[in-house]
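Chemist: Just data.tsv, nothing more (TSV, C-alpha atoms and all ligand atoms):
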```
chain	number	residue	atom	x	y	z
A	1	MET	CA	82.65	98.30	50.82
A	2	ALA	CA	80.66	97.78	53.99
A	3	GLU	CA	77.28	96.28	53.36
A	4	GLN	CA	74.45	98.61	54.28
A	5	ARG	CA	72.54	97.02	57.13
A	6	LYS	CA	68.79	96.89	56.80
A	7	ALA	CA	66.81	98.53	59.59
A	8	ALA	CA	65.47	96.15	62.20
A	9	ARG	CA	62.00	94.77	61.66
A	10	ILE	CA	59.83	95.74	64.59
A	11	ILE	CA	57.06	93.28	65.39
A	12	ALA	CA	54.52	93.73	68.18
A	13	VAL	CA	53.27	90.47	69.68
A	14	ALA	CA	49.80	91.48	70.75
A	15	ASN	CA	46.41	90.19	71.84
A	16	GLN	CA	44.47	91.86	74.62
A	17	LYS	CA	43.52	88.49	75.97
A	18	GLY	CA	45.82	87.04	78.63
A	19	GLY	CA	47.18	83.53	78.52
A	20	VAL	CA	47.04	83.09	74.75
A	21	GLY	CA	50.76	82.57	74.21
A	22	LYS	CA	52.13	86.06	73.58
A	23	THR	CA	55.09	85.74	75.91
A	24	THR	CA	55.78	82.13	74.94
A	25	THR	CA	55.80	83.22	71.30
A	26	ALA	CA	57.96	86.29	71.89
A	27	ILE	CA	60.59	84.28	73.79
A	28	ASN	CA	60.74	81.24	71.54
A	29	LEU	CA	60.31	82.95	68.20
A	30	GLY	CA	63.02	85.35	69.34
A	31	ALA	CA	65.28	82.47	70.30
A	32	ALA	CA	64.59	80.67	67.02
A	33	LEU	CA	65.46	83.77	64.99
A	34	ALA	CA	68.60	84.28	67.07
A	35	ARG	CA	69.65	80.72	66.33
A	36	ARG	CA	69.48	81.57	62.66
A	37	ASP	CA	72.11	84.23	63.29
A	38	ARG	CA	69.71	87.10	63.44
A	39	ARG	CA	70.27	89.74	66.11
A	40	VAL	CA	67.05	89.97	68.09
A	41	LEU	CA	65.89	92.32	70.82
A	42	LEU	CA	62.90	91.39	72.90
A	43	VAL	CA	61.26	94.36	74.60
A	44	ASP	CA	59.23	93.24	77.60
A	45	LEU	CA	56.32	95.64	77.80
A	46	ASP	CA	54.23	93.67	80.28
A	47	PRO	CA	54.37	94.77	83.94
A	48	GLN	CA	54.21	91.09	84.87
A	49	GLY	CA	57.70	90.73	83.39
A	50	ASN	CA	57.14	87.12	82.33
A	51	ALA	CA	59.44	87.38	79.33
A	52	SER	CA	62.18	88.80	81.57
A	53	THR	CA	61.82	85.99	84.09
A	54	GLY	CA	61.53	83.37	81.38
A	55	LEU	CA	64.80	84.51	79.85
A	56	GLY	CA	66.60	84.41	83.17
A	57	ILE	CA	66.73	88.05	84.26
A	58	PRO	CA	65.52	88.06	87.88
A	59	PRO	CA	63.69	91.15	89.21
A	60	GLU	CA	66.67	92.26	91.31
A	61	ASP	CA	68.79	92.54	88.17
A	62	ARG	CA	66.29	94.76	86.37
A	63	ASN	CA	67.81	98.08	87.42
A	64	VAL	CA	66.87	99.72	84.18
A	65	THR	CA	63.60	98.67	82.60
A	66	SER	CA	61.55	99.18	79.49
A	67	PHE	CA	59.74	101.99	81.29
A	68	GLU	CA	62.88	104.12	81.63
A	69	PHE	CA	63.80	103.21	78.07
A	70	LEU	CA	60.36	104.29	76.86
A	71	LEU	CA	60.59	107.56	78.77
A	72	GLY	CA	63.99	108.26	77.23
A	73	GLU	CA	65.62	108.13	80.66
A	74	ALA	CA	67.84	105.19	79.77
A	75	SER	CA	69.90	104.57	76.65
A	76	PRO	CA	69.46	101.31	74.74
A	77	GLN	CA	72.93	100.30	75.93
A	78	ASP	CA	71.92	100.80	79.56
A	79	ALA	CA	68.60	99.00	79.20
A	80	VAL	CA	69.66	95.93	77.24
A	81	HIS	CA	70.59	92.62	78.86
A	82	GLU	CA	72.24	89.67	77.20
A	83	THR	CA	70.42	86.36	77.65
A	84	ALA	CA	71.65	82.77	77.69
A	85	THR	CA	70.83	82.59	73.98
A	86	PRO	CA	73.55	84.27	71.88
A	87	ASN	CA	72.14	87.11	69.74
A	88	LEU	CA	68.97	87.34	71.85
A	89	LEU	CA	68.88	90.58	73.84
A	90	LEU	CA	66.23	91.72	76.27
A	91	ILE	CA	64.95	94.96	77.73
A	92	PRO	CA	63.23	93.75	80.91
A	93	ALA	CA	60.07	94.93	82.63
A	94	THR	CA	59.03	95.27	86.24
A	95	SER	CA	55.76	96.10	87.89
A	96	ASP	CA	56.78	99.78	87.58
A	97	LEU	CA	55.22	99.61	84.17
A	98	SER	CA	51.77	99.10	85.65
A	99	GLY	CA	51.72	102.78	86.52
A	100	ALA	CA	52.37	103.81	82.92
A	101	ASP	CA	48.74	104.57	82.14
A	102	LEU	CA	48.49	106.93	85.10
A	103	GLU	CA	51.96	108.37	84.81
A	104	LEU	CA	51.66	109.17	81.13
A	105	GLY	CA	48.15	110.53	81.66
A	106	ASP	CA	47.22	112.60	78.65
A	107	ARG	CA	50.75	113.82	78.16
A	108	GLN	CA	51.32	115.01	74.62
A	109	GLY	CA	52.98	112.34	72.52
A	110	ARG	CA	52.45	109.57	75.06
A	111	THR	CA	51.70	107.00	72.38
A	112	THR	CA	54.85	107.66	70.35
A	113	LEU	CA	57.39	107.25	73.15
A	114	LEU	CA	58.48	103.74	72.24
A	115	ARG	CA	58.76	104.62	68.57
A	116	GLY	CA	61.02	107.52	69.49
A	117	ALA	CA	63.13	105.34	71.75
A	118	LEU	CA	63.55	102.63	69.11
A	119	ARG	CA	64.43	105.13	66.39
A	120	GLN	CA	67.20	106.89	68.27
A	121	PRO	CA	70.60	106.70	66.59
A	122	LEU	CA	72.14	104.71	69.48
A	123	MET	CA	69.91	101.77	68.54
A	124	GLY	CA	72.02	101.32	65.43
A	125	GLU	CA	74.96	100.19	67.54
A	126	LEU	CA	73.01	97.11	68.61
A	127	ALA	CA	72.94	96.00	64.95
A	128	LEU	CA	69.54	94.38	65.30
A	129	ASP	CA	67.63	92.44	62.69
A	130	TYR	CA	64.43	92.01	64.69
A	131	ILE	CA	62.77	93.76	67.58
A	132	LEU	CA	59.92	91.79	69.16
A	133	ILE	CA	57.66	93.60	71.60
A	134	ASP	CA	55.87	91.44	74.17
A	135	CYS	CA	52.66	93.35	74.91
A	136	PRO	CA	50.56	93.28	78.08
A	137	PRO	CA	47.13	91.62	78.02
A	138	SER	CA	45.26	94.85	77.45
A	139	LEU	CA	44.81	97.53	74.82
A	140	ASN	CA	46.31	100.16	77.11
A	141	VAL	CA	48.83	102.90	76.41
A	142	LEU	CA	51.68	100.37	76.42
A	143	THR	CA	50.14	98.22	73.71
A	144	ILE	CA	49.33	101.35	71.72
A	145	ASN	CA	52.99	102.38	72.02
A	146	ALA	CA	53.96	98.98	70.61
A	147	LEU	CA	51.50	99.25	67.72
A	148	VAL	CA	52.70	102.76	66.91
A	149	ALA	CA	56.37	101.69	66.99
A	150	ALA	CA	55.95	98.46	65.02
A	151	GLN	CA	55.91	97.70	61.33
A	152	SER	CA	53.67	94.74	61.95
A	153	VAL	CA	51.64	92.87	64.55
A	154	LEU	CA	51.91	89.17	65.23
A	155	VAL	CA	48.76	87.89	66.91
A	156	PRO	CA	48.87	84.66	68.90
A	157	LEU	CA	45.41	83.12	68.88
A	158	GLN	CA	44.63	80.41	71.36
A	159	SER	CA	42.90	77.49	69.79
A	160	GLU	CA	39.58	77.56	71.64
A	161	PHE	CA	35.94	78.20	71.03
A	162	PHE	CA	35.21	81.93	70.47
A	163	ALA	CA	38.88	82.55	69.63
A	164	LEU	CA	37.98	84.68	66.61
A	165	GLU	CA	35.39	86.78	68.44
A	166	GLY	CA	38.13	88.12	70.68
A	167	LEU	CA	40.02	89.46	67.67
A	168	SER	CA	37.56	92.15	66.62
A	169	GLN	CA	38.58	94.57	69.36
A	170	LEU	CA	42.25	94.19	68.47
A	171	MET	CA	41.47	94.69	64.78
A	172	LEU	CA	39.55	97.90	65.61
A	173	THR	CA	42.51	99.19	67.59
A	174	ILE	CA	44.89	98.35	64.74
A	175	ARG	CA	42.62	100.27	62.39
A	176	GLU	CA	42.63	103.29	64.71
A	177	VAL	CA	46.41	103.24	64.95
A	178	ARG	CA	46.61	103.07	61.15
A	179	GLN	CA	44.34	106.08	60.86
A	180	THR	CA	46.50	108.11	63.18
A	181	ALA	CA	50.12	107.50	64.09
A	182	ASN	CA	51.11	104.50	61.99
A	183	PRO	CA	49.40	104.21	58.57
A	184	SER	CA	51.69	101.43	57.34
A	185	LEU	CA	51.09	99.06	60.27
A	186	ARG	CA	50.59	95.55	58.86
A	187	ILE	CA	49.35	92.34	60.34
A	188	GLU	CA	52.35	90.04	60.20
A	189	GLY	CA	50.22	87.02	60.85
A	190	VAL	CA	48.00	85.14	63.23
A	191	ALA	CA	49.69	82.22	64.96
A	192	LEU	CA	47.41	79.51	66.29
A	193	THR	CA	48.71	78.45	69.69
A	194	MET	CA	48.09	75.56	72.07
A	195	VAL	CA	46.67	73.51	69.25
A	196	ASP	CA	45.81	69.89	69.86
A	197	ARG	CA	45.02	68.68	66.38
A	198	ARG	CA	43.67	65.40	67.73
A	199	THR	CA	40.58	67.18	68.97
A	200	SER	CA	37.72	68.12	66.70
A	201	LEU	CA	37.46	71.48	68.46
A	202	ALA	CA	41.02	72.39	67.47
A	203	GLN	CA	40.37	71.28	63.90
A	204	MET	CA	37.23	73.40	63.82
A	205	VAL	CA	38.94	76.49	65.23
A	206	GLU	CA	41.80	76.13	62.73
A	207	ALA	CA	39.42	75.69	59.79
A	208	ASP	CA	37.38	78.65	60.98
A	209	ALA	CA	40.47	80.85	61.33
A	210	ARG	CA	41.80	79.90	57.90
A	211	GLU	CA	38.41	80.50	56.31
A	212	ASN	CA	37.95	83.91	57.91
A	213	LEU	CA	41.50	85.22	57.95
A	214	GLY	CA	42.95	83.43	54.93
A	215	ASP	CA	46.66	83.94	54.35
A	216	LEU	CA	46.98	85.97	57.53
A	217	VAL	CA	47.09	82.70	59.43
A	218	PHE	CA	50.59	81.24	59.57
A	219	GLN	CA	50.90	77.77	58.06
A	220	THR	CA	52.84	76.83	61.17
A	221	VAL	CA	50.66	76.05	64.16
A	222	ILE	CA	52.02	75.87	67.70
A	223	PRO	CA	50.98	72.64	69.38
A	224	ARG	CA	50.07	72.34	73.00
A	225	ASN	CA	53.33	71.06	74.46
A	226	VAL	CA	54.20	70.84	78.12
A	227	ARG	CA	57.87	71.60	77.37
A	228	LEU	CA	56.80	75.11	76.34
A	229	SER	CA	55.23	75.71	79.73
A	230	GLU	CA	58.17	74.20	81.63
A	231	ALA	CA	60.98	76.06	79.86
A	232	PRO	CA	60.46	79.49	81.55
A	233	SER	CA	60.94	78.02	85.02
A	234	HIS	CA	64.37	76.91	83.82
A	235	ALA	CA	65.05	80.43	82.55
A	236	GLN	CA	65.49	79.07	79.04
A	237	SER	CA	63.80	79.16	75.71
A	238	VAL	CA	62.36	75.82	74.70
A	239	LEU	CA	65.07	75.62	72.04
A	240	ASP	CA	67.64	75.27	74.80
A	241	TYR	CA	65.47	73.45	77.31
A	242	ASP	CA	64.31	70.70	74.96
A	243	PRO	CA	65.36	71.19	71.33
A	244	SER	CA	63.73	67.95	70.26
A	245	SER	CA	60.28	68.86	71.62
A	246	SER	CA	57.33	69.57	69.35
A	247	GLY	CA	57.22	73.09	70.79
A	248	ALA	CA	60.82	73.78	69.77
A	249	ALA	CA	60.17	72.41	66.28
A	250	ALA	CA	57.10	74.61	65.92
A	251	TYR	CA	58.88	77.82	66.87
A	252	ARG	CA	61.79	76.96	64.55
A	253	ALA	CA	59.23	76.52	61.78
A	254	LEU	CA	57.50	79.78	62.67
A	255	ALA	CA	60.83	81.61	62.48
A	256	ALA	CA	61.52	80.09	59.07
A	257	GLU	CA	58.06	81.03	57.85
A	258	LEU	CA	58.41	84.59	59.15
A	259	MET	CA	61.79	84.97	57.45
A	260	SER	CA	60.48	83.54	54.19
A	261	ARG	CA	57.72	86.16	54.14
A	262	GLU	CA	60.29	88.92	54.33
A	263	SER	CA	61.15	89.80	50.79
B	301	LIG	P1	50.30	85.49	77.40
B	301	LIG	O1	51.65	86.10	77.32
B	301	LIG	O2	49.46	85.74	76.18
B	301	LIG	O3	49.58	85.86	78.66
B	301	LIG	P2	51.73	83.02	77.86
B	301	LIG	O4	52.69	82.89	76.74
B	301	LIG	O5	52.26	83.49	79.17
B	301	LIG	O6	50.49	83.89	77.44
B	301	LIG	O7	51.03	81.59	78.05
B	301	LIG	C1	50.07	81.37	79.07
B	301	LIG	C2	50.37	80.03	79.74
B	301	LIG	O8	50.22	78.99	78.80
B	301	LIG	C3	51.78	79.95	80.27
B	301	LIG	O9	51.76	79.19	81.45
B	301	LIG	C4	52.52	79.20	79.17
B	301	LIG	O10	53.62	78.46	79.67
B	301	LIG	C5	51.44	78.29	78.64
B	301	LIG	N1	51.58	78.01	77.19
B	301	LIG	C6	51.72	78.91	76.20
B	301	LIG	N2	51.79	78.31	75.01
B	301	LIG	C7	51.70	76.98	75.24
B	301	LIG	C8	51.70	75.80	74.42
B	301	LIG	N3	51.80	75.90	73.08
B	301	LIG	N4	51.61	74.59	75.01
B	301	LIG	C9	51.50	74.50	76.37
B	301	LIG	N5	51.49	75.54	77.18
B	301	LIG	C10	51.58	76.78	76.65
B	302	MG	MG	52.53	87.55	78.57
```
Starting from the coordinates I provided, produce the structure as structure tokens.

Modeler:
Amino acid sequence: MAEQRKAARIIAVANQKGGVGKTTTAINLGAALARRDRRVLLVDLDPQGNASTGLGIPPEDRNVTSFEFLLGEASPQDAVHETATPNLLLIPATSDLSGADLELGDRQGRTTLLRGALRQPLMGELALDYILIDCPPSLNVLTINALVAAQSVLVPLQSEFFALEGLSQLMLTIREVRQTANPSLRIEGVALTMVDRRTSLAQMVEADARENLGDLVFQTVIPRNVRLSEAPSHAQSVLDYDPSSSGAAAYRALAAELMSRES
């Protein structure tokens, strides 16, 4: 008898602050899960398209983007690209997405578009285990779409002074989404990024985060590692670019931790 496949876990990678490691986390966590034989789709929801570039899909190849997918104008099959990492699929983004706020205006149902797109029966054919959504650095209609579509939010938190202060706005937005379109939205975890444990500042930020957020903070921390910042220019995840780097080890550990929290 065919084994019943579990529905894909949909995780929004979100923080309204730019440069905190959302895209780096989406790409490398995705690649690490894919290497553990999970089928992963990364949805690039940032008009900057960094995840698309970082996974080797140049702008001229992005005929169909996450915007058309969101609007229901493209099927999953038409929107999805394979990447160099087996089992890691991508729906790319272009700057077209930057008009989403305006274009969607106050159209009825504008915040549930992505949820609708990801729930359509054709998605089943992709046989996905995980869907990671790389959010833009803002709490705009695109990020709201991600939070409405997701089961959980993974929050990269850059290890710096005032890191926690920046979280309150995101937490308020998560609460609002719970009160309206997505009551069961969970926080998957907070991942400390760009951590240099040799510095007392990093130690302080980590202690502060663990004290205030408790178990929400992943045990795994992502170190500051230059290989992580180099990999995208080689159109590779760090797991391909330099598997022995500390960055690769950290994202493998994060994938293992995420999977162990599943049951
Ligand atoms: P976001 O998507 O939140 O804007 P990115 O993932 O693009 O953030 O990261 C911002 C910059 O920091 C990028 O240049 C990226 O390569 C770099 N970066 C991210 N994480 C690390 C890390 N752990 N170590 C070193 N550089 C990093
Ligand atoms: Mg980004």

Chemist: Between atom CA of Asp106 of chain A and atom CA of Pro47 of chain A, what is the distance in Å, rounded to a tenth?

Modeler: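 Atom CA of Pro47 of chain A lies 19.9 Å from atom CA of Asp106 of chain A.
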
Chemist: Could you check which of A:Pro243, A:Pro58, A:Gly189, A:Pro156 is closest to Asn15 of chain A, using all atoms listed in the file?

Modeler: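 Ranked by minimum distance to Asn15 of chain A, first place goes to A:Pro156.
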
Chemist: Counting all atoms listed in the file, which residues of chain A fall within 8 Å of ligand MG 302 (chain B), and what is the closest atom pair for each with its distance in Å at one decimal, ordered by chain and rising number, as a Markdown table?

Modeler:
```
| residue | atom | partner | partner_atom | distance |
| --- | --- | --- | --- | --- |
| A:Gly18 | CA | B:MG302 | MG | 6.7 |
| A:Gly19 | CA | B:MG302 | MG | 6.7 |
| A:Gly21 | CA | B:MG302 | MG | 6.9 |
| A:Lys22 | CA | B:MG302 | MG | 5.2 |
| A:Thr23 | CA | B:MG302 | MG | 4.1 |
| A:Thr24 | CA | B:MG302 | MG | 7.3 |
| A:Asp46 | CA | B:MG302 | MG | 6.6 |
| A:Gln48 | CA | B:MG302 | MG | 7.4 |
| A:Gly49 | CA | B:MG302 | MG | 7.8 |
| A:Asn50 | CA | B:MG302 | MG | 6.0 |
| A:Ala51 | CA | B:MG302 | MG | 7.0 |
| A:Asp134 | CA | B:MG302 | MG | 6.8 |
| A:Cys135 | CA | B:MG302 | MG | 6.9 |
| A:Pro136 | CA | B:MG302 | MG | 6.1 |
| A:Pro137 | CA | B:MG302 | MG | 6.8 |
```

Chemist: With C-alpha atoms retained, could you export that selection as a compact mmCIF listing (two decimals), in the coordinates of the input?

Modeler:
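Saved the output as again_9.txt:
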```txt
# COMPACT_ATOMS: atom_id res chain seq x y z
CA GLY A 18 45.82 87.04 78.63
CA GLY A 19 47.18 83.53 78.52
CA GLY A 21 50.76 82.57 74.21
CA LYS A 22 52.13 86.06 73.58
CA THR A 23 55.09 85.74 75.91
CA THR A 24 55.78 82.13 74.94
CA ASP A 46 54.23 93.67 80.28
CA GLN A 48 54.21 91.09 84.87
CA GLY A 49 57.70 90.73 83.39
CA ASN A 50 57.14 87.12 82.33
CA ALA A 51 59.44 87.38 79.33
CA ASP A 134 55.87 91.44 74.17
CA CYS A 135 52.66 93.35 74.91
CA PRO A 136 50.56 93.28 78.08
CA PRO A 137 47.13 91.62 78.02
```

Chemist: Could you check how far atom CA of Glu160 of chain A sits from atom CA of Arg178 of chain A, in Å to one decimal?

Modeler: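 Between these atoms lies a distance of 28.5 Å.
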
Chemist: Is it possible to get the residues within 12 Å of (41.5, 97.9, 65.5) (coordinates as in the file, counting all atoms listed in the file) written as a list in words?

Modeler: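 The answer, in the requested form, is Ala14, Asn15, Gln16, Leu139, Thr143, Ile144, Leu147, Val153, Gly166, Leu167, Ser168, Gln169, Leu170, Met171, Leu172, Thr173, Ile174, Arg175, Glu176, Val177, Arg178, Gln179, Thr180, Leu185, Arg186 and Ile187 of chain A.
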
Chemist: Would you work out the distance separating atom CA of Arg39 of chain A from atom CA of Asp129 of chain A, expressed in Å to one decimal?

Modeler: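 Atom CA of Asp129 of chain A lies 5.1 Å from atom CA of Arg39 of chain A.
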
Chemist: Would you pick out the contacts of segment 64-73 of chain A at 8 Å or less, using only C-alpha atoms, so that residues sharing its chain but fewer than 2 positions from it are not included, and give the list as a PyMOL selection string?

Modeler: chain A and resi 43-45+62+75-76+78-79+91-94+96-97+100+113-114+117

Chemist: Take the residues from that selection and put them in a file with C-alpha atoms, as a PDB file, in the coordinates of the input.

Modeler:
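The resulting again-v3.pdb:
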```pdb
ATOM      1  CA  VAL A  43      61.260  94.360  74.600  1.00  0.00           C
ATOM      2  CA  ASP A  44      59.230  93.240  77.600  1.00  0.00           C
ATOM      3  CA  LEU A  45      56.320  95.640  77.800  1.00  0.00           C
ATOM      4  CA  ARG A  62      66.290  94.760  86.370  1.00  0.00           C
ATOM      5  CA  SER A  75      69.900 104.570  76.650  1.00  0.00           C
ATOM      6  CA  PRO A  76      69.460 101.310  74.740  1.00  0.00           C
ATOM      7  CA  ASP A  78      71.920 100.800  79.560  1.00  0.00           C
ATOM      8  CA  ALA A  79      68.600  99.000  79.200  1.00  0.00           C
ATOM      9  CA  ILE A  91      64.950  94.960  77.730  1.00  0.00           C
ATOM     10  CA  PRO A  92      63.230  93.750  80.910  1.00  0.00           C
ATOM     11  CA  ALA A  93      60.070  94.930  82.630  1.00  0.00           C
ATOM     12  CA  THR A  94      59.030  95.270  86.240  1.00  0.00           C
ATOM     13  CA  ASP A  96      56.780  99.780  87.580  1.00  0.00           C
ATOM     14  CA  LEU A  97      55.220  99.610  84.170  1.00  0.00           C
ATOM     15  CA  ALA A 100      52.370 103.810  82.920  1.00  0.00           C
ATOM     16  CA  LEU A 113      57.390 107.250  73.150  1.00  0.00           C
ATOM     17  CA  LEU A 114      58.480 103.740  72.240  1.00  0.00           C
ATOM     18  CA  ALA A 117      63.130 105.340  71.750  1.00  0.00           C
TER      19      ALA A 117
END
```

Chemist: If you take every atom of ligand LIG 301 (chain B) that the file lists and fit an axis-aligned box around them with 3 Å extra on each side, what centre and edge lengths come out in Å to one decimal, as lines of an AutoDock Vina configuration file?

Modeler:
```
center_x = 51.5
center_y = 80.3
center_z = 77.3
size_x = 10.2
size_y = 17.6
size_z = 14.4
```

Chemist: Just want the 10 Å neighbourhood of Ala127 of chain A, counted on only C-alpha atoms, with same-chain residues fewer than 5 positions away dropped. Output as JSON, numbers by chain.

Modeler: {"A": [5, 6, 7, 8, 38, 39, 40, 41, 122]}

Chemist: How about saving the chosen residues, C-alpha atoms kept, as an mmCIF file, in the coordinates of the input?

Modeler:
```cif
data_model
loop_
_atom_site.group_PDB
_atom_site.id
_atom_site.type_symbol
_atom_site.label_atom_id
_atom_site.label_comp_id
_atom_site.auth_asym_id
_atom_site.auth_seq_id
_atom_site.Cartn_x
_atom_site.Cartn_y
_atom_site.Cartn_z
ATOM 1 C CA ARG A 5 72.540 97.020 57.130
ATOM 2 C CA LYS A 6 68.790 96.890 56.800
ATOM 3 C CA ALA A 7 66.810 98.530 59.590
ATOM 4 C CA ALA A 8 65.470 96.150 62.200
ATOM 5 C CA ARG A 38 69.710 87.100 63.440
ATOM 6 C CA ARG A 39 70.270 89.740 66.110
ATOM 7 C CA VAL A 40 67.050 89.970 68.090
ATOM 8 C CA LEU A 41 65.890 92.320 70.820
ATOM 9 C CA LEU A 122 72.140 104.710 69.480
#
```

Chemist: In the coordinates of the file, take the point (56.4, 72.3, 65.6) and a cut-off of 10 Å; then, counting all atoms listed in the file, name each qualifying protein, DNA or RNA residue as a PDB file with C-alpha atoms, keeping the file's coordinate frame.

Modeler:
```pdb
ATOM      1  CA  THR A 220      52.840  76.830  61.170  1.00  0.00           C
ATOM      2  CA  VAL A 221      50.660  76.050  64.160  1.00  0.00           C
ATOM      3  CA  ILE A 222      52.020  75.870  67.700  1.00  0.00           C
ATOM      4  CA  PRO A 223      50.980  72.640  69.380  1.00  0.00           C
ATOM      5  CA  ARG A 224      50.070  72.340  73.000  1.00  0.00           C
ATOM      6  CA  ASN A 225      53.330  71.060  74.460  1.00  0.00           C
ATOM      7  CA  SER A 244      63.730  67.950  70.260  1.00  0.00           C
ATOM      8  CA  SER A 245      60.280  68.860  71.620  1.00  0.00           C
ATOM      9  CA  SER A 246      57.330  69.570  69.350  1.00  0.00           C
ATOM     10  CA  GLY A 247      57.220  73.090  70.790  1.00  0.00           C
ATOM     11  CA  ALA A 248      60.820  73.780  69.770  1.00  0.00           C
ATOM     12  CA  ALA A 249      60.170  72.410  66.280  1.00  0.00           C
ATOM     13  CA  ALA A 250      57.100  74.610  65.920  1.00  0.00           C
ATOM     14  CA  TYR A 251      58.880  77.820  66.870  1.00  0.00           C
ATOM     15  CA  ARG A 252      61.790  76.960  64.550  1.00  0.00           C
ATOM     16  CA  ALA A 253      59.230  76.520  61.780  1.00  0.00           C
ATOM     17  CA  LEU A 254      57.500  79.780  62.670  1.00  0.00           C
TER      18      LEU A 254
END
```

Chemist: Could you check which of A:Thr111, A:Gln120, A:Asn140, A:Gln151 is closest to Ile10 of chain A, using all atoms listed in the file?

Modeler: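 Looking at the shortest contact to Ile10 of chain A, the residue is A:Gln151.
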
Chemist: Using only C-alpha atoms, which residues sit within 10 Å of Phe161 of chain A once same-chain residues fewer than 5 positions away are excluded, as a list of chain:residue names?

Modeler: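 Counting only C-alpha atoms, the residues come to A:Leu201, A:Ala202, A:Met204, A:Val205.
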
Chemist: Between A:Ala26, A:Leu33, A:Leu228, A:Leu164, which one has atoms that come closest to Ala207 of chain A, using all atoms listed in the file?

Modeler: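 Of the candidates, the smallest distance to Ala207 of chain A is held by A:Leu164.
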
Chemist: Counting all atoms listed in the file, which residue out of A:Leu102, A:Leu142, A:Val80, A:Leu157 sits closest to ligand LIG 301 (chain B)?

Modeler: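 Selected residue with least distance to ligand LIG 301 (chain B): A:Leu157.
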
Chemist: Out of A:Leu29, A:Thr83, A:Tyr130, A:Ser200, which residue has the shortest atom-to-atom distance to Glu262 of chain A when counting all atoms listed in the file?

Modeler: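 Closest residue, counting all atoms listed in the file: A:Tyr130.
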
Chemist: Point out the residue among A:Ala12, A:Val20, A:Leu104, A:Leu192 with the least atom-to-atom distance to ligand LIG 301 (chain B), counting all atoms listed in the file.

Modeler: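 Residue with the minimum atom-to-atom distance to ligand LIG 301 (chain B): A:Val20.
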